[in-house]
$ cat run-v6.txt   # compact mmCIF, C-alpha atoms
# COMPACT_ATOMS: atom_id res chain seq x y z
CA MET A 1 111.57 20.50 -28.65
CA GLN A 2 114.60 19.74 -26.53
CA GLY A 3 113.73 22.60 -24.18
CA ARG A 4 110.19 21.30 -23.83
CA ASN A 5 111.42 17.79 -23.04
CA ALA A 6 113.87 19.14 -20.49
CA GLN A 7 111.07 21.12 -18.86
CA ARG A 8 108.83 18.07 -18.67
CA SER A 9 111.67 15.98 -17.24
CA PHE A 10 112.39 18.63 -14.59
CA VAL A 11 108.83 18.86 -13.30
CA GLN A 12 108.48 15.07 -13.19
CA ARG A 13 111.76 14.65 -11.35
CA HIS A 14 110.75 17.19 -8.71
CA PHE A 15 107.10 16.10 -8.41
CA LEU A 16 105.82 19.40 -9.82
CA SER A 17 102.87 20.26 -12.03
CA GLU A 18 103.43 22.19 -15.28
CA GLN A 19 99.93 23.61 -15.09
CA THR A 20 100.44 24.78 -11.51
CA LEU A 21 103.78 26.38 -12.36
CA GLU A 22 102.21 28.25 -15.28
CA MET A 23 99.44 29.46 -12.96
CA ILE A 24 102.03 30.63 -10.42
CA SER A 25 103.90 32.49 -13.17
CA ASP A 26 100.70 34.30 -14.22
CA MET A 27 99.94 35.19 -10.60
CA ARG A 28 103.47 36.54 -10.10
CA ASN A 29 103.05 38.74 -13.17
CA GLN A 30 99.75 40.08 -11.86
CA PHE A 31 101.22 40.67 -8.42
CA GLY A 32 104.20 42.50 -9.91
CA SER A 33 101.87 44.72 -11.92
CA MET A 34 99.83 45.51 -8.81
CA LEU A 35 102.96 46.46 -6.84
CA ALA A 36 104.09 48.68 -9.72
CA ASP A 37 100.66 50.33 -9.86
CA THR A 38 100.92 51.18 -6.15
CA ARG A 39 104.51 52.41 -6.77
CA LEU A 40 106.01 49.97 -4.28
CA LEU A 41 108.10 48.70 -7.20
CA ALA A 42 109.63 50.91 -9.87
CA ARG A 43 107.69 50.61 -13.12
CA PRO A 44 110.10 49.85 -16.01
CA ALA A 45 110.28 52.37 -18.82
CA LYS A 46 109.40 49.72 -21.41
CA GLY A 47 108.50 46.07 -21.65
CA PHE A 48 105.90 46.41 -18.93
CA GLU A 49 103.44 44.24 -20.85
CA GLN A 50 105.37 41.14 -19.81
CA ALA A 51 106.16 41.41 -16.13
CA SER A 52 108.40 38.35 -15.77
CA PRO A 53 111.64 39.79 -17.25
CA TRP A 54 111.78 42.75 -14.88
CA ILE A 55 110.36 40.91 -11.87
CA ASP A 56 113.10 38.29 -12.21
CA ASP A 57 115.90 40.84 -12.67
CA GLN A 58 118.37 39.80 -9.96
CA SER A 59 119.93 43.28 -9.90
CA LYS A 60 116.72 44.85 -8.57
CA PRO A 61 116.41 45.53 -4.82
CA TRP A 62 113.25 43.44 -4.45
CA ASN A 63 115.26 40.36 -5.47
CA THR A 64 118.08 40.89 -2.98
CA TYR A 65 116.97 37.88 -0.93
CA ALA A 66 115.09 35.96 -3.64
CA LYS A 67 117.47 33.00 -3.41
CA HIS A 68 117.60 32.95 0.40
CA VAL A 69 115.33 30.03 1.28
CA ALA A 70 114.97 31.09 4.91
CA VAL A 71 113.78 34.57 3.89
CA VAL A 72 111.35 33.24 1.28
CA LYS A 73 109.83 30.81 3.80
CA ALA A 74 109.54 33.62 6.35
CA ALA A 75 107.61 35.65 3.77
CA LEU A 76 105.26 32.68 3.31
CA CYS A 77 104.84 32.41 7.07
CA SER A 78 103.99 36.10 7.29
CA ALA A 79 101.47 35.88 4.45
CA LEU A 80 99.72 32.73 5.70
CA TYR A 81 99.75 33.40 9.46
CA PRO A 82 97.80 32.40 11.58
CA ASN A 83 97.62 29.19 9.52
CA ILE A 84 100.21 27.37 11.63
CA ALA A 85 100.38 23.80 12.88
CA VAL A 86 102.73 22.35 15.49
CA MET A 87 103.95 18.78 15.60
CA GLU A 88 102.61 16.89 18.59
CA ASP A 89 104.96 14.77 20.66
CA GLY A 90 104.66 11.12 19.72
CA PRO A 91 106.13 7.84 20.96
CA ASP A 92 107.81 6.93 17.66
CA GLY A 93 109.83 9.29 15.48
CA ASN A 94 109.71 6.79 12.62
CA ARG A 95 105.98 7.26 12.15
CA ARG A 96 104.06 10.10 10.56
CA PRO A 97 103.45 12.78 13.19
CA ALA A 98 100.22 14.30 14.40
CA TRP A 99 99.80 18.07 14.12
CA ASN A 100 97.77 20.63 16.03
CA ASP A 101 96.69 24.05 14.78
CA GLY A 102 95.89 25.46 18.21
CA HIS A 103 92.27 24.32 18.00
CA SER A 104 92.31 20.65 17.05
CA GLU A 105 94.38 17.88 15.54
CA VAL A 106 95.12 18.22 11.82
CA ALA A 107 96.93 16.04 9.28
CA VAL A 108 98.97 16.66 6.15
CA HIS A 109 96.83 16.18 3.04
CA PRO A 110 97.65 13.03 1.02
CA SER A 111 98.33 15.19 -2.06
CA SER A 112 101.23 16.92 -0.28
CA ILE A 113 104.81 15.68 -0.71
CA ASN A 114 105.08 16.06 3.09
CA HIS A 115 102.37 13.47 3.63
CA MET A 116 104.65 10.43 3.86
CA LEU A 117 107.36 12.04 6.00
CA ALA A 118 108.05 10.51 9.40
CA ALA A 119 108.41 12.74 12.44
CA ASN A 120 112.21 12.43 12.47
CA GLN A 121 112.41 13.59 8.83
CA TYR A 122 111.09 17.06 9.64
CA GLN A 123 113.81 19.59 10.38
CA ARG A 124 111.32 21.81 12.21
CA PRO A 125 108.16 20.99 14.17
CA TYR A 126 106.17 23.85 12.60
CA GLN A 127 104.27 24.11 9.33
CA THR A 128 102.32 26.86 7.64
CA TYR A 129 99.51 26.00 5.23
CA LEU A 130 97.21 27.66 2.73
CA GLU A 131 93.92 26.08 3.77
CA LYS A 132 92.25 23.24 5.66
CA VAL A 133 89.73 20.79 4.25
CA LYS A 134 87.61 18.30 6.16
CA THR A 135 86.89 14.82 4.82
CA SER A 136 87.74 11.78 6.92
CA LYS A 137 90.01 14.12 8.91
CA VAL A 138 90.90 17.78 8.94
CA PHE A 139 93.73 18.11 6.42
CA MET A 140 96.25 20.87 5.73
CA ARG A 141 96.74 21.59 2.04
CA ASP A 142 99.75 23.30 0.44
CA CYS A 143 101.90 23.20 3.55
CA THR A 144 105.57 23.87 4.16
CA VAL A 145 107.89 23.74 7.15
CA VAL A 146 108.76 27.09 8.75
CA ALA A 147 111.45 28.09 11.22
CA PRO A 148 111.01 29.31 14.81
CA MET A 149 112.61 32.67 13.99
CA ALA A 150 110.12 33.26 11.18
CA LEU A 151 107.28 32.69 13.65
CA LEU A 152 108.86 34.98 16.23
CA LEU A 153 109.35 37.76 13.68
CA PHE A 154 106.13 37.45 11.69
CA GLY A 155 103.69 35.65 13.98
CA GLY A 156 101.14 37.12 16.37
CA SER A 157 101.56 38.86 19.71
CA LEU A 158 104.50 37.74 21.83
CA ASP A 159 104.51 36.97 25.54
CA ILE A 160 107.99 36.42 26.99
CA LEU A 161 107.95 33.72 29.68
CA HIS A 162 111.17 34.67 31.47
CA GLN A 163 111.28 31.87 34.02
CA SER A 164 110.68 29.02 31.58
CA GLY A 165 112.81 30.41 28.74
CA TYR A 166 109.98 30.34 26.22
CA VAL A 167 108.10 32.83 24.09
CA GLN A 168 104.37 32.27 23.67
CA ILE A 169 102.74 33.45 20.45
CA ASP A 170 99.04 34.33 20.46
CA GLY A 171 98.53 32.54 23.75
CA TRP A 172 99.19 28.99 22.54
CA LEU A 173 102.29 28.52 20.38
CA ARG A 174 105.45 28.12 22.47
CA ILE A 175 108.98 28.54 21.11
CA LYS A 176 112.12 28.16 23.18
CA ALA A 177 114.06 31.43 23.23
CA ALA A 178 116.27 33.12 25.79
CA ALA A 179 114.81 36.34 27.21
CA PRO A 180 117.48 38.63 25.62
CA VAL A 181 116.78 37.10 22.20
CA ALA A 182 113.04 37.52 22.69
CA VAL A 183 113.46 41.18 23.67
CA LEU A 184 115.64 41.78 20.59
CA VAL A 185 113.03 40.15 18.37
CA LYS A 186 110.26 42.36 19.79
CA GLN A 187 112.34 45.47 19.11
CA LEU A 188 113.14 44.32 15.59
CA ARG A 189 109.47 43.57 14.92
CA GLN A 190 108.53 47.11 15.92
CA ALA A 191 111.26 48.57 13.73
CA LEU A 192 110.17 46.45 10.77
CA LYS A 193 106.55 47.47 11.30
CA SER A 194 107.59 51.14 11.12
CA VAL A 195 109.47 50.52 7.87
CA LEU A 196 106.48 48.79 6.27
CA GLU A 197 104.02 51.45 7.42
CA ARG A 198 106.21 54.21 6.00
CA ARG A 199 106.67 52.40 2.68
CA ILE A 200 102.94 51.73 2.32
CA SER A 201 101.89 55.28 3.25
CA SER A 202 104.58 56.91 1.06
CA PRO A 203 105.53 54.37 -1.63
CA ALA A 204 107.34 56.91 -3.83
CA GLU A 205 109.62 57.96 -0.97
CA ALA A 206 113.18 56.68 -1.28
CA SER A 207 114.26 54.03 1.21
CA GLN A 208 116.20 55.35 4.17
CA ALA A 209 119.58 53.91 5.14
CA MET A 210 118.13 52.65 8.42
CA ASP A 211 115.40 50.78 6.52
CA LEU A 212 118.02 48.73 4.70
CA ILE A 213 119.88 48.02 7.93
CA ILE A 214 116.69 46.72 9.57
CA LEU A 215 115.93 44.47 6.59
CA GLN A 216 119.51 43.18 6.63
CA GLN A 217 119.22 42.36 10.33
CA VAL A 218 116.00 40.42 9.74
CA ALA A 219 117.58 38.47 6.88
CA THR A 220 120.70 37.79 8.95
CA LEU A 221 118.69 36.32 11.82
CA LEU A 222 116.76 34.06 9.46
CA ASN A 223 119.80 32.95 7.47
CA ASP A 224 121.93 32.35 10.57
CA GLU A 225 119.26 30.09 12.02
CA GLU A 226 119.12 28.16 8.74
CA ARG A 227 122.91 27.75 8.69
CA GLN A 228 122.94 26.49 12.27
CA LEU A 229 120.36 23.88 11.34
CA GLY A 230 122.53 22.76 8.42
CA ALA A 231 125.57 22.49 10.68
CA GLN A 232 123.65 20.24 13.09
CA ALA A 233 122.41 17.91 10.34

$ encode --input "run-v6.txt" --output "structure tokens"
Amino acid sequence: MQGRNAQRSFVQRHFLSEQTLEMISDMRNQFGSMLADTRLLARPAKGFEQASPWIDDQSKPWNTYAKHVAVVKAALCSALYPNIAVMEDGPDGNRRPAWNDGHSEVAVHPSSINHMLAANQYQRPYQTYLEKVKTSKVFMRDCTVVAPMALLLFGGSLDILHQSGYVQIDGWLRIKAAAPVAVLVKQLRQALKSVLERRISSPAEASQAMDLIILQQVATLLNDEERQLGAQA
């Protein structure tokens, strides 16, 4: 009973839904089973009926970066792209900002915990979202802030604007980045693409040492950017 009360207290304190969390847990179990079926994850010798224990095993390689917030958000960005919105410049940072998804103005849905945030409360001017709905406005549902490096690594095609010091993604989304950094990101993207293609085409093949180095470099870039943001706060 005490555990149940503690659980209820936790979700209320953090504005979470028990039902939604249970649904997420079921989806994670299904996803883990699918990855095991395709041999991208090692199927455990026993206890496979309940996926959660082995999925959550922190000693497994797929959980190496499970507690790295920057890496997890980058994975979300990759999965949801091109569902990206950029904060529009406004006259007052103390007011809720306007957002643009590259086509039109969008707003954060009232059901989101981000809905009441003022412009100056956002650490980044970019959000990724699951879907849009149109009522009185076009709203983003299930949105979260993402970092520039996540967009550079996992967004669309990159165009390096050498003279202005920006990188343009998919012809509309601009991110400030020095040319050497942009070139490095393009090279790393190509290397990561090769790793993923090899793993998908030959899932039973053991990871190569270079694969791990590439993944470490990606995680380092994301984590370093997150640490720099924390140092500036």

$ closest_residue --input "run-v6.txt" --among "A:Lys132, A:Arg28, A:His162, A:Lys73" --to "A:Val181" --atoms "all atoms listed in the file"
A:His162

$ closest_residue --input "run-v6.txt" --among "A:Leu188, A:Ala85, A:Leu173, A:Ile200" --to "A:Arg39" --atoms "all atoms listed in the file"
A:Ile200

$ axis_aligned_box --input "run-v6.txt" --around "stretch 147-150 of chain A" --padding-each-side "8 Å" --output "lines of an AutoDock Vina configuration file"
center_x = 111.4
center_y = 30.7
center_z = 13.0
size_x = 18.5
size_y = 21.2
size_z = 19.6

$ atom_distance --input "run-v6.txt" --atom1 "atom CA of A:Ser112" --atom2 "atom CA of A:Phe154"
24.3 Å

$ residues_around --input "run-v6.txt" --residues "A:Leu117" --least-positions-apart "2" --cutoff "10 Å" --atoms "all atoms listed in the file" --output "ChimeraX atom specification"
/A:94-97,108,113-115,119-122

$ write_last_selection --input "run-v6.txt" --atoms "C-alpha atoms" --output "compact mmCIF listing (two decimals), keeping the file's coordinate frame"
# COMPACT_ATOMS: atom_id res chain seq x y z
CA ASN A 94 109.71 6.79 12.62
CA ARG A 95 105.98 7.26 12.15
CA ARG A 96 104.06 10.10 10.56
CA PRO A 97 103.45 12.78 13.19
CA VAL A 108 98.97 16.66 6.15
CA ILE A 113 104.81 15.68 -0.71
CA ASN A 114 105.08 16.06 3.09
CA HIS A 115 102.37 13.47 3.63
CA ALA A 119 108.41 12.74 12.44
CA ASN A 120 112.21 12.43 12.47
CA GLN A 121 112.41 13.59 8.83
CA TYR A 122 111.09 17.06 9.64

$ closest_residue --input "run-v6.txt" --among "A:Asp101, A:His109, A:Asn29, A:Thr38" --to "A:Ile55" --atoms "only C-alpha atoms"
A:Asn29

$ atom_distance --input "run-v6.txt" --atom1 "atom CA of A:Ser157" --atom2 "atom CA of A:Ser194"
16.2 Å

$ closest_residue --input "run-v6.txt" --among "A:Lys176, A:Arg141, A:Arg189, A:Lys134" --to "A:Gly156" --atoms "only C-alpha atoms"
A:Arg189

$ residues_around --input "run-v6.txt" --residues "A:Glu88" --least-positions-apart "5" --cutoff "12 Å" --atoms "all atoms listed in the file" --output "list of chain:residue names"
A:Gly93, A:Arg96, A:Pro97, A:Ala98, A:Trp99, A:Asn100, A:Asp101, A:Gly102, A:Ser104, A:Glu105, A:Val106, A:Ala107, A:Ala119, A:Arg124, A:Pro125, A:Tyr126, A:Gln127, A:Leu173

$ atom_distance --input "run-v6.txt" --atom1 "atom CA of A:Glu131" --atom2 "atom CA of A:Cys143"
8.5 Å

$ closest_residue --input "run-v6.txt" --among "A:Ser207, A:Thr135, A:Leu76, A:Ala42" --to "A:Lys60" --atoms "only C-alpha atoms"
A:Ala42

$ closest_residue --input "run-v6.txt" --among "A:Leu40, A:Cys77, A:Ser9, A:Pro82" --to "A:Arg198" --atoms "only C-alpha atoms"
A:Leu40

$ residues_around --input "run-v6.txt" --residues "A:Ala70" --least-positions-apart "2" --cutoff "10 Å" --atoms "all atoms listed in the file" --output "ChimeraX atom specification"
/A:65-68,72-76,146-147,149-150,219-227

$ decode --input "run-v6.txt" --residues "stretch 37-125 of chain A" --atoms "C-alpha atoms" --output "mmCIF file, in the first residue's frame"
data_model
loop_
_atom_site.group_PDB
_atom_site.id
_atom_site.type_symbol
_atom_site.label_atom_id
_atom_site.label_comp_id
_atom_site.auth_asym_id
_atom_site.auth_seq_id
_atom_site.Cartn_x
_atom_site.Cartn_y
_atom_site.Cartn_z
ATOM 1 C CA ASP A 37 13.083 -10.424 -32.897
ATOM 2 C CA THR A 38 15.165 -8.528 -35.471
ATOM 3 C CA ARG A 39 18.322 -9.459 -33.493
ATOM 4 C CA LEU A 40 19.328 -5.844 -32.952
ATOM 5 C CA LEU A 41 19.201 -6.655 -29.229
ATOM 6 C CA ALA A 42 20.397 -9.904 -27.692
ATOM 7 C CA ARG A 43 17.444 -12.074 -26.699
ATOM 8 C CA PRO A 44 17.827 -13.198 -23.057
ATOM 9 C CA ALA A 45 18.052 -16.912 -22.406
ATOM 10 C CA LYS A 46 15.074 -16.801 -20.037
ATOM 11 C CA GLY A 47 12.530 -14.382 -18.663
ATOM 12 C CA PHE A 48 11.739 -13.076 -22.118
ATOM 13 C CA GLU A 49 8.008 -13.039 -21.365
ATOM 14 C CA GLN A 50 8.458 -9.865 -19.336
ATOM 15 C CA ALA A 51 10.675 -7.506 -21.287
ATOM 16 C CA SER A 52 11.113 -4.780 -18.656
ATOM 17 C CA PRO A 53 13.757 -6.490 -16.463
ATOM 18 C CA TRP A 54 16.215 -7.059 -19.294
ATOM 19 C CA ILE A 55 15.422 -3.837 -21.148
ATOM 20 C CA ASP A 56 16.185 -1.855 -17.992
ATOM 21 C CA ASP A 57 19.412 -3.735 -17.229
ATOM 22 C CA GLN A 58 21.940 -0.894 -16.915
ATOM 23 C CA SER A 59 24.841 -3.239 -17.688
ATOM 24 C CA LYS A 60 23.596 -3.839 -21.242
ATOM 25 C CA PRO A 61 25.164 -1.850 -24.104
ATOM 26 C CA TRP A 62 21.835 -0.406 -25.251
ATOM 27 C CA ASN A 63 21.542 1.384 -21.897
ATOM 28 C CA THR A 64 24.994 2.966 -21.997
ATOM 29 C CA TYR A 65 23.503 6.429 -22.487
ATOM 30 C CA ALA A 66 20.043 5.818 -21.014
ATOM 31 C CA LYS A 67 20.593 8.402 -18.269
ATOM 32 C CA HIS A 68 22.184 11.003 -20.547
ATOM 33 C CA VAL A 69 19.360 13.497 -21.063
ATOM 34 C CA ALA A 70 21.021 15.120 -24.079
ATOM 35 C CA VAL A 71 21.344 11.759 -25.853
ATOM 36 C CA VAL A 72 17.766 10.729 -25.056
ATOM 37 C CA LYS A 73 16.413 14.036 -26.381
ATOM 38 C CA ALA A 74 18.534 13.661 -29.517
ATOM 39 C CA ALA A 75 16.966 10.235 -30.069
ATOM 40 C CA LEU A 76 13.524 11.857 -29.772
ATOM 41 C CA CYS A 77 14.558 14.529 -32.248
ATOM 42 C CA SER A 78 15.731 11.881 -34.702
ATOM 43 C CA ALA A 79 12.519 9.873 -34.351
ATOM 44 C CA LEU A 80 10.146 12.836 -34.681
ATOM 45 C CA TYR A 81 11.979 14.874 -37.333
ATOM 46 C CA PRO A 82 10.812 16.827 -39.365
ATOM 47 C CA ASN A 83 8.328 17.777 -36.628
ATOM 48 C CA ILE A 84 10.333 20.804 -35.487
ATOM 49 C CA ALA A 85 9.257 24.282 -34.437
ATOM 50 C CA VAL A 86 11.452 27.342 -33.939
ATOM 51 C CA MET A 87 10.753 30.161 -31.521
ATOM 52 C CA GLU A 88 9.990 33.414 -33.301
ATOM 53 C CA ASP A 89 11.640 36.611 -32.133
ATOM 54 C CA GLY A 90 9.303 38.627 -29.955
ATOM 55 C CA PRO A 91 9.386 42.013 -28.241
ATOM 56 C CA ASP A 92 8.953 40.648 -24.708
ATOM 57 C CA GLY A 93 10.804 37.671 -23.260
ATOM 58 C CA ASN A 94 8.387 37.575 -20.324
ATOM 59 C CA ARG A 95 5.497 36.509 -22.537
ATOM 60 C CA ARG A 96 4.704 33.159 -24.089
ATOM 61 C CA PRO A 97 6.551 32.897 -27.409
ATOM 62 C CA ALA A 98 5.215 32.257 -30.880
ATOM 63 C CA TRP A 99 6.570 29.255 -32.784
ATOM 64 C CA ASN A 100 6.952 28.447 -36.466
ATOM 65 C CA ASP A 101 7.238 24.979 -37.998
ATOM 66 C CA GLY A 102 8.639 26.169 -41.318
ATOM 67 C CA HIS A 103 5.175 26.478 -42.844
ATOM 68 C CA SER A 104 3.085 28.535 -40.444
ATOM 69 C CA GLU A 105 2.790 29.771 -36.892
ATOM 70 C CA VAL A 106 2.056 27.101 -34.279
ATOM 71 C CA ALA A 107 1.429 27.193 -30.529
ATOM 72 C CA VAL A 108 2.081 24.850 -27.622
ATOM 73 C CA HIS A 109 -1.053 22.891 -26.751
ATOM 74 C CA PRO A 110 -2.711 23.931 -23.453
ATOM 75 C CA SER A 111 -2.373 20.350 -22.156
ATOM 76 C CA SER A 112 1.433 20.586 -22.344
ATOM 77 C CA ILE A 113 3.480 21.581 -19.288
ATOM 78 C CA ASN A 114 5.385 23.879 -21.680
ATOM 79 C CA HIS A 115 2.231 25.858 -22.419
ATOM 80 C CA MET A 116 2.673 28.482 -19.700
ATOM 81 C CA LEU A 117 6.416 29.023 -20.163
ATOM 82 C CA ALA A 118 7.576 32.504 -21.129
ATOM 83 C CA ALA A 119 10.128 32.947 -23.894
ATOM 84 C CA ASN A 120 12.969 33.587 -21.444
ATOM 85 C CA GLN A 121 12.240 30.319 -19.607
ATOM 86 C CA TYR A 122 13.171 28.183 -22.601
ATOM 87 C CA GLN A 123 16.810 27.105 -22.626
ATOM 88 C CA ARG A 124 16.637 26.439 -26.371
ATOM 89 C CA PRO A 125 14.547 28.029 -29.130
#
